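> Just so it is clear, I am handing over run.tsv, which has TSV, C-alpha atoms and all ligand atoms.
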```
chain	number	residue	atom	x	y	z
A	160	MET	CA	-1.20	-9.65	-12.09
A	161	ARG	CA	0.77	-6.53	-12.76
A	162	ILE	CA	2.12	-4.32	-9.95
A	163	SER	CA	3.10	-0.73	-10.77
A	164	PHE	CA	4.79	1.50	-8.21
A	165	TYR	CA	3.71	5.15	-8.33
A	166	GLY	CA	4.90	6.20	-4.86
A	167	VAL	CA	7.44	4.40	-2.65
A	168	ARG	CA	8.57	7.07	-0.16
A	169	GLY	CA	7.39	7.19	3.44
A	170	SER	CA	6.21	10.05	5.62
A	171	ILE	CA	6.66	12.99	3.24
A	172	ALA	CA	7.30	13.47	-0.46
A	173	THR	CA	10.94	14.12	-1.32
A	174	ALA	CA	11.19	15.85	-4.67
A	175	GLY	CA	14.68	16.60	-5.94
A	176	GLU	CA	17.83	15.27	-7.50
A	177	ALA	CA	18.95	13.26	-4.44
A	178	THR	CA	15.96	10.90	-4.64
A	179	ARG	CA	15.39	10.93	-8.41
A	180	ARG	CA	16.23	7.24	-9.08
A	181	TYR	CA	14.17	5.65	-6.31
A	182	GLY	CA	11.48	8.33	-6.39
A	183	GLY	CA	10.04	10.88	-4.01
A	184	ASN	CA	6.27	10.33	-4.07
A	185	THR	CA	4.48	8.91	-1.04
A	186	PRO	CA	2.78	5.48	-1.16
A	187	CYS	CA	0.65	4.45	-4.10
A	188	VAL	CA	0.79	1.02	-5.72
A	189	ALA	CA	-1.43	-0.05	-8.62
A	190	VAL	CA	-2.33	-3.69	-9.18
A	191	GLU	CA	-4.05	-4.81	-12.36
A	192	VAL	CA	-5.66	-8.19	-11.93
A	193	ALA	CA	-8.15	-9.98	-14.19
A	194	GLY	CA	-9.27	-6.74	-15.81
A	195	GLN	CA	-9.72	-4.92	-12.49
A	196	GLN	CA	-7.79	-1.86	-11.40
A	197	LEU	CA	-6.79	-1.99	-7.74
A	198	ILE	CA	-4.94	0.83	-5.99
A	199	PHE	CA	-3.23	0.66	-2.63
A	200	ASP	CA	-3.08	3.99	-0.79
A	201	ALA	CA	-3.44	7.52	-2.07
A	202	GLY	CA	-0.10	9.12	-1.33
A	203	THR	CA	1.19	11.75	-3.73
A	204	GLY	CA	2.00	9.03	-6.27
A	205	ILE	CA	-1.69	8.61	-7.05
A	206	ARG	CA	-1.63	11.80	-9.12
A	207	GLY	CA	0.57	10.17	-11.76
A	208	LEU	CA	-1.52	7.00	-11.68
A	209	GLY	CA	-4.66	9.07	-12.29
A	210	ASN	CA	-3.05	10.67	-15.30
A	211	ASP	CA	-2.10	7.25	-16.67
A	212	LEU	CA	-5.61	5.88	-16.10
A	213	ASN	CA	-7.19	8.86	-17.85
A	214	ARG	CA	-4.82	8.43	-20.78
A	215	ALA	CA	-5.39	4.68	-21.01
A	216	SER	CA	-9.17	5.04	-20.92
A	217	GLY	CA	-9.25	7.47	-23.86
A	218	ALA	CA	-12.81	8.75	-23.95
A	219	GLY	CA	-13.95	5.71	-21.96
A	220	GLN	CA	-14.68	5.40	-18.28
A	221	VAL	CA	-12.36	4.59	-15.41
A	222	HIS	CA	-13.45	2.20	-12.69
A	223	ALA	CA	-10.94	1.71	-9.91
A	224	ASN	CA	-10.88	0.22	-6.41
A	225	LEU	CA	-8.82	2.13	-3.87
A	226	PHE	CA	-7.76	0.22	-0.75
A	227	PHE	CA	-6.35	2.11	2.22
A	228	SER	CA	-3.82	0.58	4.60
A	229	HIS	CA	-4.61	3.40	7.05
A	230	LEU	CA	-5.29	7.12	6.95
A	231	HIS	CA	-2.03	8.78	7.90
A	232	TRP	CA	-1.20	11.88	5.91
A	233	ASP	CA	1.35	10.28	3.57
A	234	HIS	CA	-1.30	7.73	2.48
A	235	ILE	CA	-4.19	10.13	1.76
A	236	GLN	CA	-2.56	13.35	0.65
A	237	GLY	CA	-2.64	12.60	-3.08
A	238	PHE	CA	-6.36	11.85	-3.11
A	239	PRO	CA	-7.52	15.40	-4.01
A	240	PHE	CA	-5.22	15.19	-7.06
A	241	PHE	CA	-6.56	11.88	-8.42
A	242	GLY	CA	-7.92	13.13	-11.73
A	243	PRO	CA	-10.36	10.29	-12.56
A	244	ALA	CA	-12.34	11.07	-9.37
A	245	TYR	CA	-13.46	14.36	-10.95
A	246	VAL	CA	-14.80	12.87	-14.19
A	247	PRO	CA	-18.55	12.14	-14.39
A	248	GLY	CA	-19.19	8.58	-15.48
A	249	ASN	CA	-16.13	7.23	-13.70
A	250	ARG	CA	-16.51	5.14	-10.58
A	251	LEU	CA	-14.22	4.83	-7.60
A	252	ASP	CA	-14.82	2.24	-4.89
A	253	VAL	CA	-12.95	3.18	-1.72
A	254	TRP	CA	-12.22	0.42	0.81
A	255	HIS	CA	-11.14	0.90	4.40
A	256	VAL	CA	-11.00	-1.35	7.44
A	257	ARG	CA	-12.26	0.19	10.68
A	258	THR	CA	-9.92	-1.40	13.16
A	259	GLY	CA	-11.97	-0.34	16.22
A	260	ASP	CA	-15.21	1.31	17.32
A	261	ASP	CA	-13.46	4.65	17.74
A	262	ALA	CA	-11.70	4.39	14.37
A	263	PRO	CA	-12.48	7.13	11.84
A	264	PHE	CA	-14.56	6.68	8.69
A	265	VAL	CA	-12.55	7.04	5.51
A	266	ARG	CA	-15.06	9.37	3.89
A	267	ASN	CA	-14.84	11.81	6.82
A	268	VAL	CA	-11.06	11.84	6.77
A	269	LEU	CA	-10.86	12.43	3.01
A	270	SER	CA	-13.51	15.10	3.32
A	271	GLU	CA	-11.71	16.85	6.20
A	272	GLN	CA	-8.55	17.27	4.17
A	273	MET	CA	-10.53	18.84	1.31
A	274	ARG	CA	-11.98	21.95	2.84
A	275	PRO	CA	-10.90	25.52	3.55
A	276	PRO	CA	-8.53	26.76	4.77
A	277	THR	CA	-6.29	23.83	3.77
A	278	PHE	CA	-7.95	23.05	0.40
A	279	PRO	CA	-10.13	25.22	-1.82
A	280	VAL	CA	-12.84	22.75	-2.85
A	281	GLY	CA	-14.68	19.93	-1.11
A	282	LEU	CA	-15.07	16.23	-1.79
A	283	GLU	CA	-18.54	16.87	-3.25
A	284	ILE	CA	-16.98	18.57	-6.28
A	285	MET	CA	-15.64	15.20	-7.43
A	286	GLY	CA	-17.98	14.26	-10.27
A	287	SER	CA	-17.36	10.51	-10.38
A	288	GLU	CA	-19.44	8.00	-8.52
A	289	LEU	CA	-17.63	7.63	-5.19
A	290	CYS	CA	-18.56	4.55	-3.26
A	291	PHE	CA	-17.23	4.14	0.27
A	292	HIS	CA	-16.97	0.72	1.93
A	293	GLU	CA	-16.18	0.39	5.61
A	294	LEU	CA	-15.07	-3.15	6.41
A	295	ASN	CA	-14.96	-4.94	9.71
A	296	PRO	CA	-11.70	-6.60	10.71
A	297	GLY	CA	-11.33	-9.91	8.87
A	298	GLN	CA	-13.89	-9.23	6.14
A	299	VAL	CA	-12.88	-10.63	2.78
A	300	VAL	CA	-13.47	-8.61	-0.40
A	301	ARG	CA	-13.97	-9.86	-3.93
A	302	VAL	CA	-13.39	-7.55	-6.86
A	303	GLY	CA	-14.20	-9.43	-10.03
A	304	GLU	CA	-12.16	-12.62	-9.89
A	305	ALA	CA	-9.66	-11.21	-7.40
A	306	LYS	CA	-9.93	-11.97	-3.72
A	307	LEU	CA	-8.57	-9.65	-1.06
A	308	ARG	CA	-8.09	-10.21	2.61
A	309	HIS	CA	-6.21	-8.29	5.25
A	310	ALA	CA	-4.53	-8.52	8.62
A	311	ALA	CA	-4.00	-5.87	11.27
A	312	VAL	CA	-0.38	-4.81	11.79
A	313	ASP	CA	1.22	-2.84	14.60
A	314	HIS	CA	1.30	0.88	13.79
A	315	PRO	CA	0.19	4.02	15.68
A	316	ASN	CA	-3.58	4.52	15.11
A	317	GLY	CA	-3.86	1.10	13.43
A	318	CYS	CA	-3.08	-0.20	9.94
A	319	VAL	CA	-3.80	-3.27	7.84
A	320	ALA	CA	-1.76	-5.26	5.34
A	321	TRP	CA	-3.59	-6.47	2.20
A	322	ARG	CA	-3.30	-9.71	0.23
A	323	VAL	CA	-4.55	-10.02	-3.36
A	324	GLU	CA	-5.05	-13.48	-4.79
A	325	HIS	CA	-5.91	-14.59	-8.29
A	326	GLU	CA	-5.38	-17.86	-10.15
A	327	GLY	CA	-2.62	-19.22	-7.97
A	328	HIS	CA	-0.76	-15.93	-7.54
A	329	ALA	CA	-0.68	-13.67	-4.53
A	330	ILE	CA	0.85	-10.34	-3.63
A	331	VAL	CA	0.90	-8.76	-0.20
A	332	TYR	CA	1.04	-5.03	0.49
A	333	ALA	CA	2.33	-4.59	4.03
A	334	THR	CA	3.38	-1.04	4.78
A	335	ASP	CA	3.54	1.00	7.97
A	336	LEU	CA	4.19	-1.80	10.44
A	337	GLU	CA	6.56	-2.62	13.22
A	338	HIS	CA	7.61	-5.78	15.01
A	339	ASP	CA	10.68	-7.27	16.62
A	340	PRO	CA	12.90	-7.80	13.54
A	341	GLN	CA	13.77	-11.32	14.73
A	342	VAL	CA	10.16	-12.32	15.49
A	343	PRO	CA	7.75	-12.35	12.54
A	344	PRO	CA	4.16	-11.64	13.66
A	345	PRO	CA	2.02	-14.77	13.11
A	346	ALA	CA	-0.90	-12.89	11.49
A	347	LEU	CA	1.39	-11.30	8.91
A	348	VAL	CA	3.16	-14.59	8.23
A	349	GLU	CA	-0.22	-16.21	7.66
A	350	LEU	CA	-1.28	-13.39	5.32
A	351	ALA	CA	1.97	-13.56	3.36
A	352	ARG	CA	2.04	-17.38	3.10
A	353	GLU	CA	3.70	-18.38	-0.21
A	354	ALA	CA	3.03	-15.00	-1.77
A	355	ASP	CA	4.87	-14.20	-4.99
A	356	VAL	CA	5.70	-10.71	-3.75
A	357	LEU	CA	5.70	-9.20	-0.26
A	358	ILE	CA	5.83	-5.39	-0.36
A	359	TYR	CA	7.16	-4.49	3.09
A	360	ASP	CA	7.87	-1.34	5.10
A	361	ALA	CA	11.65	-1.30	5.49
A	362	MET	CA	11.98	2.34	6.37
A	363	TYR	CA	14.90	2.12	8.79
A	364	THR	CA	18.31	0.54	8.83
A	365	PRO	CA	18.80	-1.94	11.70
A	366	GLU	CA	21.07	0.65	13.35
A	367	GLU	CA	18.49	3.43	13.06
A	368	TYR	CA	15.80	1.16	14.44
A	369	ALA	CA	17.91	0.10	17.41
A	370	GLY	CA	19.10	3.62	18.19
A	371	ILE	CA	22.74	2.96	17.27
A	372	ALA	CA	22.50	5.64	14.57
A	373	GLY	CA	20.57	8.54	16.07
A	374	PRO	CA	17.52	8.18	18.31
A	375	SER	CA	15.89	4.77	18.58
A	376	ARG	CA	12.93	4.44	16.18
A	377	LYS	CA	11.28	1.74	18.26
A	378	GLY	CA	7.60	2.55	18.67
A	379	TRP	CA	7.55	4.78	15.57
A	380	GLY	CA	5.62	2.15	13.61
A	381	HIS	CA	8.06	1.12	10.88
A	382	GLY	CA	10.36	-1.76	10.05
A	383	THR	CA	13.71	-2.86	8.66
A	384	PHE	CA	14.88	-5.18	5.88
A	385	GLU	CA	15.82	-7.68	8.59
A	386	GLY	CA	12.22	-7.82	9.78
A	387	GLY	CA	11.05	-8.18	6.17
A	388	ALA	CA	13.47	-11.03	5.55
A	389	ALA	CA	12.27	-12.81	8.70
A	390	VAL	CA	8.63	-12.57	7.58
A	391	ALA	CA	9.50	-13.61	4.01
A	392	GLU	CA	11.41	-16.68	5.21
A	393	ALA	CA	8.76	-17.73	7.71
A	394	ALA	CA	6.01	-17.36	5.09
A	395	GLY	CA	7.84	-18.88	2.11
A	396	VAL	CA	7.56	-15.66	0.10
A	397	ARG	CA	9.21	-15.66	-3.33
A	398	ASN	CA	10.30	-12.04	-3.44
A	399	LEU	CA	10.62	-9.43	-0.73
A	400	CYS	CA	10.13	-5.89	-2.01
A	401	LEU	CA	11.34	-3.12	0.31
A	402	PHE	CA	9.04	-0.10	0.46
A	403	HIS	CA	8.19	3.16	2.35
A	404	HIS	CA	11.72	4.52	2.08
A	405	ASP	CA	12.87	7.03	4.66
A	406	PRO	CA	12.84	10.63	3.36
A	407	SER	CA	16.45	11.06	4.53
A	408	HIS	CA	17.72	8.05	2.53
A	409	ASP	CA	18.96	9.43	-0.79
A	410	ASP	CA	19.69	7.32	-3.88
A	411	GLY	CA	23.27	6.50	-2.89
A	412	PHE	CA	22.17	5.43	0.57
A	413	MET	CA	19.38	3.29	-0.95
A	414	ASP	CA	21.87	1.54	-3.27
A	415	ALA	CA	23.97	0.55	-0.27
A	416	LEU	CA	20.92	-0.50	1.73
A	417	ALA	CA	19.68	-2.62	-1.19
A	418	ALA	CA	23.02	-4.45	-1.45
A	419	ARG	CA	23.00	-5.10	2.28
A	420	ALA	CA	19.41	-6.34	2.24
A	421	ARG	CA	20.26	-8.75	-0.61
A	422	ARG	CA	23.11	-10.19	1.42
A	423	ARG	CA	20.57	-10.95	4.15
A	424	LEU	CA	17.98	-12.40	1.74
A	425	ARG	CA	18.90	-12.86	-1.90
A	426	ALA	CA	15.33	-12.67	-3.23
A	427	THR	CA	15.00	-9.03	-2.24
A	428	SER	CA	14.08	-6.14	-4.51
A	429	VAL	CA	13.75	-2.48	-3.67
A	430	ALA	CA	10.68	-0.58	-4.83
A	431	ARG	CA	11.33	2.35	-7.14
A	432	GLU	CA	8.88	4.74	-8.64
A	433	GLY	CA	8.03	3.49	-12.14
A	434	MET	CA	8.98	-0.12	-11.38
A	435	VAL	CA	6.60	-2.79	-12.69
A	436	ILE	CA	6.38	-6.42	-11.56
A	437	GLU	CA	4.48	-8.84	-13.80
A	438	LEU	CA	3.29	-12.18	-12.52
A	439	GLY	CA	2.37	-14.98	-14.91
A	440	GLU	CA	-0.84	-16.98	-14.78
A	441	SER	CA	0.29	-20.41	-13.62
A	442	PRO	CA	-2.28	-21.91	-11.24
A	443	GLY	CA	-1.85	-23.80	-8.03
A	444	ARG	CA	0.22	-21.65	-5.71
A	445	ALA	CA	-2.29	-19.53	-3.85
A	446	HIS	CA	-2.88	-20.13	-0.20
A	447	VAL	CA	-6.52	-20.93	0.42
A	448	ALA	CA	-8.04	-18.66	3.03
A	449	ALA	CA	-10.37	-19.87	5.73
A	450	ALA	CA	-14.01	-19.11	5.00
A	451	ARG	CA	-14.95	-15.64	6.19
A	452	PRO	CA	-17.79	-13.25	5.44
A	453	THR	CA	-17.26	-11.59	2.09
A	454	VAL	CA	-18.25	-8.23	0.68
A	455	SER	CA	-18.73	-7.59	-3.00
A	456	ILE	CA	-19.09	-4.40	-5.00
A	457	ALA	CA	-22.81	-5.08	-5.24
A	458	ALA	CA	-23.01	-4.18	-1.53
A	459	CYS	CA	-22.13	-0.56	-2.32
A	460	ALA	CA	-24.40	2.09	-0.86
A	461	GLN	CA	-23.60	5.76	-1.24
A	501	ZN	ZN	3.36	5.94	5.91
A	502	ZN	ZN	1.47	5.55	9.03
```
Reformat the file's structure so that it appears as structure tokens.
Ligand SMILES: [Zn+2]
Ligand SMILES: [Zn+2]


Amino acid sequence: MRISFYGVRGSIATAGEATRRYGGNTPCVAVEVAGQQLIFDAGTGIRGLGNDLNRASGAGQVHANLFFSHLHWDHIQGFPFFGPAYVPGNRLDVWHVRTGDDAPFVRNVLSEQMRPPTFPVGLEIMGSELCFHELNPGQVVRVGEAKLRHAAVDHPNGCVAWRVEHEGHAIVYATDLEHDPQVPPPALVELAREADVLIYDAMYTPEEYAGIAGPSRKGWGHGTFEGGAAVAEAAGVRNLCLFHHDPSHDDGFMDALAARARRRLRATSVAREGMVIELGESPGRAHVAAARPTVSIAACAQ
């Protein structure tokens, strides 16, 4: 498995010199696993990923699987700029969990953001084969040899964390979530059990979260490195990777935050745009999920 970070910033893109080292694009993480291209979220970072996929494919076709954590602006805004979606012959499978009966459909939300007066052309102009999959809570997905499952996390309007497993390795993408920093939520601990990497929303400092520095961020739907460390310890995670950086945290601030987070939990890394994590192929470490209904690509219906 290979994890590539194309967007690590939360809420809004922050171009400019002050955020150059950690990066200013909103969430997009690519995971290559057993010959499959998985993508988590379509923040502004997905534009660069699309360019890389087009380049890597040469004259060949791109087939990618895009998994949404949820449909807030910073996680969908790059979608109209994902180049491979416009190329006939390419195929994009889009996966979304409807966390309730009144939850939106991903196709409608992507379509709404691509129409006048806020965007000049509609979703239908994308020439690739777009295949939308709405999942029920708890449904397991298989893409090739990779297995994906999810868990709901606490965030305004709902959100899910994803786990990818293959040949004894596991990574968890858990962004846009909030919980008591001292109390790891059981469903997330279960999802992250013995994962190699836990990508975790650590948007706020403990002081910001508690309201010691500025207004309290409780109820805003994001976490801290302390909460990430608590989940990582409870789940036996190998490496905690802090993600969804606050737009106001410039590179110098992030350096200090990273050092502090590592004092709390040594096996902590901080996501940066352009960072790549490679996992080897040694078997035997994946947590075996309970049997649940599964969905495969063959179930696709336009
Ligand atoms: Zn977000
Ligand atoms: Zn959100």

> What lies within 12 Å of region 166-176 of chain A using only C-alpha atoms, ignoring chain neighbours under 6 positions off, as JSON, numbers by chain?

{"A": [182, 183, 184, 185, 186, 187, 188, 189, 198, 199, 200, 201, 202, 203, 204, 205, 206, 207, 208, 230, 231, 232, 233, 234, 235, 236, 237, 332, 334, 335, 336, 358, 359, 360, 361, 362, 363, 379, 380, 381, 382, 400, 401, 402, 403, 404, 405, 406, 407, 408, 409, 410, 411, 413, 429, 430, 431, 432, 433, 434]}

> At a cut-off of 12 Å, can you tabulate as a tab-separated table every residue of region 293-357 of chain A near region 367-373 of chain A together with its closest atom pair and the distance in Å to one decimal, using only C-alpha atoms and ordering rows by chain then number?


```
residue	atom	partner	partner_atom	distance
A:Glu337	CA	A:Tyr368	CA	10.1
A:His338	CA	A:Tyr368	CA	10.8
A:Asp339	CA	A:Tyr368	CA	10.1
A:Pro340	CA	A:Tyr368	CA	9.5
```

> Take the residues that were just selected and, keeping C-alpha atoms, output them as a CSV table (one decimal), in the frame of the given file.


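Done, and the output landed in selection01.csv:
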```csv
chain,number,residue,atom,x,y,z
A,337,GLU,CA,6.6,-2.6,13.2
A,338,HIS,CA,7.6,-5.8,15.0
A,339,ASP,CA,10.7,-7.3,16.6
A,340,PRO,CA,12.9,-7.8,13.5
```

> Could you check the closest approach to ligand ZN 501 (chain A) for each of A:Leu294, A:Ala346, A:Leu212, A:Cys318 and tell me which residue wins, using all atoms listed in the file?

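Among A:Leu294, A:Ala346, A:Leu212, A:Cys318, it is A:Cys318 that comes nearest to ligand ZN 501 (chain A).
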
> So the first atom is CA of Trp254 (chain A) and the second is CA of Val390 (chain A); what is the distance between them in Å, to one decimal place?

25.5 Å

> What separation in Å, quoted to one decimal, exists between CA of Pro276 (chain A) and CA of Phe240 (chain A)?

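Here the two named atoms are 16.9 Å from each other.
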
> Calculate how many Å separate CA of Met160 (chain A) from CA of Leu197 (chain A), rounding to one decimal.

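Going from CA of Met160 (chain A) over to CA of Leu197 (chain A), I get 10.4 Å.
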
> Between A:Tyr181, A:Phe264, A:Phe227, A:Tyr165, which one has atoms that come closest to ligand ZN 501 (chain A), using only C-alpha atoms and all ligand atoms?

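For ligand ZN 501 (chain A), the nearest of the candidates is A:Phe227.
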
> From the structure just shown, export region 333-348 of chain A with N, CA and C atoms as a PDB file, in the first residue's frame.


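File written: result-v9.pdb
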```pdb
ATOM      1  N   ALA A 333      -9.505   9.007   8.927  1.00  0.00           N
ATOM      2  CA  ALA A 333     -10.527   9.476   9.874  1.00  0.00           C
ATOM      3  C   ALA A 333     -10.408  10.990   9.997  1.00  0.00           C
ATOM      4  N   THR A 334     -11.133  11.686   9.138  1.00  0.00           N
ATOM      5  CA  THR A 334     -11.080  13.143   9.173  1.00  0.00           C
ATOM      6  C   THR A 334     -12.435  13.688   9.569  1.00  0.00           C
ATOM      7  N   ASP A 335     -12.472  14.940   9.936  1.00  0.00           N
ATOM      8  CA  ASP A 335     -13.712  15.623  10.300  1.00  0.00           C
ATOM      9  C   ASP A 335     -14.488  14.849  11.365  1.00  0.00           C
ATOM     10  N   LEU A 336     -13.931  14.842  12.555  1.00  0.00           N
ATOM     11  CA  LEU A 336     -14.559  14.118  13.669  1.00  0.00           C
ATOM     12  C   LEU A 336     -14.215  14.802  14.975  1.00  0.00           C
ATOM     13  N   GLU A 337     -15.084  14.600  15.921  1.00  0.00           N
ATOM     14  CA  GLU A 337     -14.898  15.202  17.246  1.00  0.00           C
ATOM     15  C   GLU A 337     -15.289  14.202  18.326  1.00  0.00           C
ATOM     16  N   HIS A 338     -14.529  14.210  19.403  1.00  0.00           N
ATOM     17  CA  HIS A 338     -14.914  13.446  20.592  1.00  0.00           C
ATOM     18  C   HIS A 338     -14.163  14.029  21.767  1.00  0.00           C
ATOM     19  N   ASP A 339     -14.558  13.653  22.962  1.00  0.00           N
ATOM     20  CA  ASP A 339     -13.812  14.055  24.144  1.00  0.00           C
ATOM     21  C   ASP A 339     -12.371  13.563  23.969  1.00  0.00           C
ATOM     22  N   PRO A 340     -11.385  14.467  23.992  1.00  0.00           N
ATOM     23  CA  PRO A 340      -9.998  14.040  23.708  1.00  0.00           C
ATOM     24  C   PRO A 340      -9.498  12.923  24.627  1.00  0.00           C
ATOM     25  N   GLN A 341     -10.080  12.817  25.807  1.00  0.00           N
ATOM     26  CA  GLN A 341      -9.622  11.769  26.744  1.00  0.00           C
ATOM     27  C   GLN A 341     -10.399  10.462  26.567  1.00  0.00           C
ATOM     28  N   VAL A 342     -11.448  10.478  25.775  1.00  0.00           N
ATOM     29  CA  VAL A 342     -12.329   9.304  25.661  1.00  0.00           C
ATOM     30  C   VAL A 342     -12.444   8.871  24.203  1.00  0.00           C
ATOM     31  N   PRO A 343     -11.663   7.889  23.782  1.00  0.00           N
ATOM     32  CA  PRO A 343     -11.728   7.452  22.383  1.00  0.00           C
ATOM     33  C   PRO A 343     -13.059   6.780  22.079  1.00  0.00           C
ATOM     34  N   PRO A 344     -13.740   7.145  20.998  1.00  0.00           N
ATOM     35  CA  PRO A 344     -15.025   6.516  20.683  1.00  0.00           C
ATOM     36  C   PRO A 344     -14.835   5.049  20.292  1.00  0.00           C
ATOM     37  N   PRO A 345     -15.613   4.144  20.895  1.00  0.00           N
ATOM     38  CA  PRO A 345     -15.403   2.702  20.661  1.00  0.00           C
ATOM     39  C   PRO A 345     -15.453   2.310  19.183  1.00  0.00           C
ATOM     40  N   ALA A 346     -16.370   2.898  18.407  1.00  0.00           N
ATOM     41  CA  ALA A 346     -16.480   2.497  16.998  1.00  0.00           C
ATOM     42  C   ALA A 346     -15.227   2.865  16.217  1.00  0.00           C
ATOM     43  N   LEU A 347     -14.630   4.001  16.554  1.00  0.00           N
ATOM     44  CA  LEU A 347     -13.406   4.408  15.858  1.00  0.00           C
ATOM     45  C   LEU A 347     -12.219   3.561  16.303  1.00  0.00           C
ATOM     46  N   VAL A 348     -12.182   3.244  17.593  1.00  0.00           N
ATOM     47  CA  VAL A 348     -11.110   2.365  18.091  1.00  0.00           C
ATOM     48  C   VAL A 348     -11.186   1.011  17.394  1.00  0.00           C
TER      49      VAL A 348
END
```
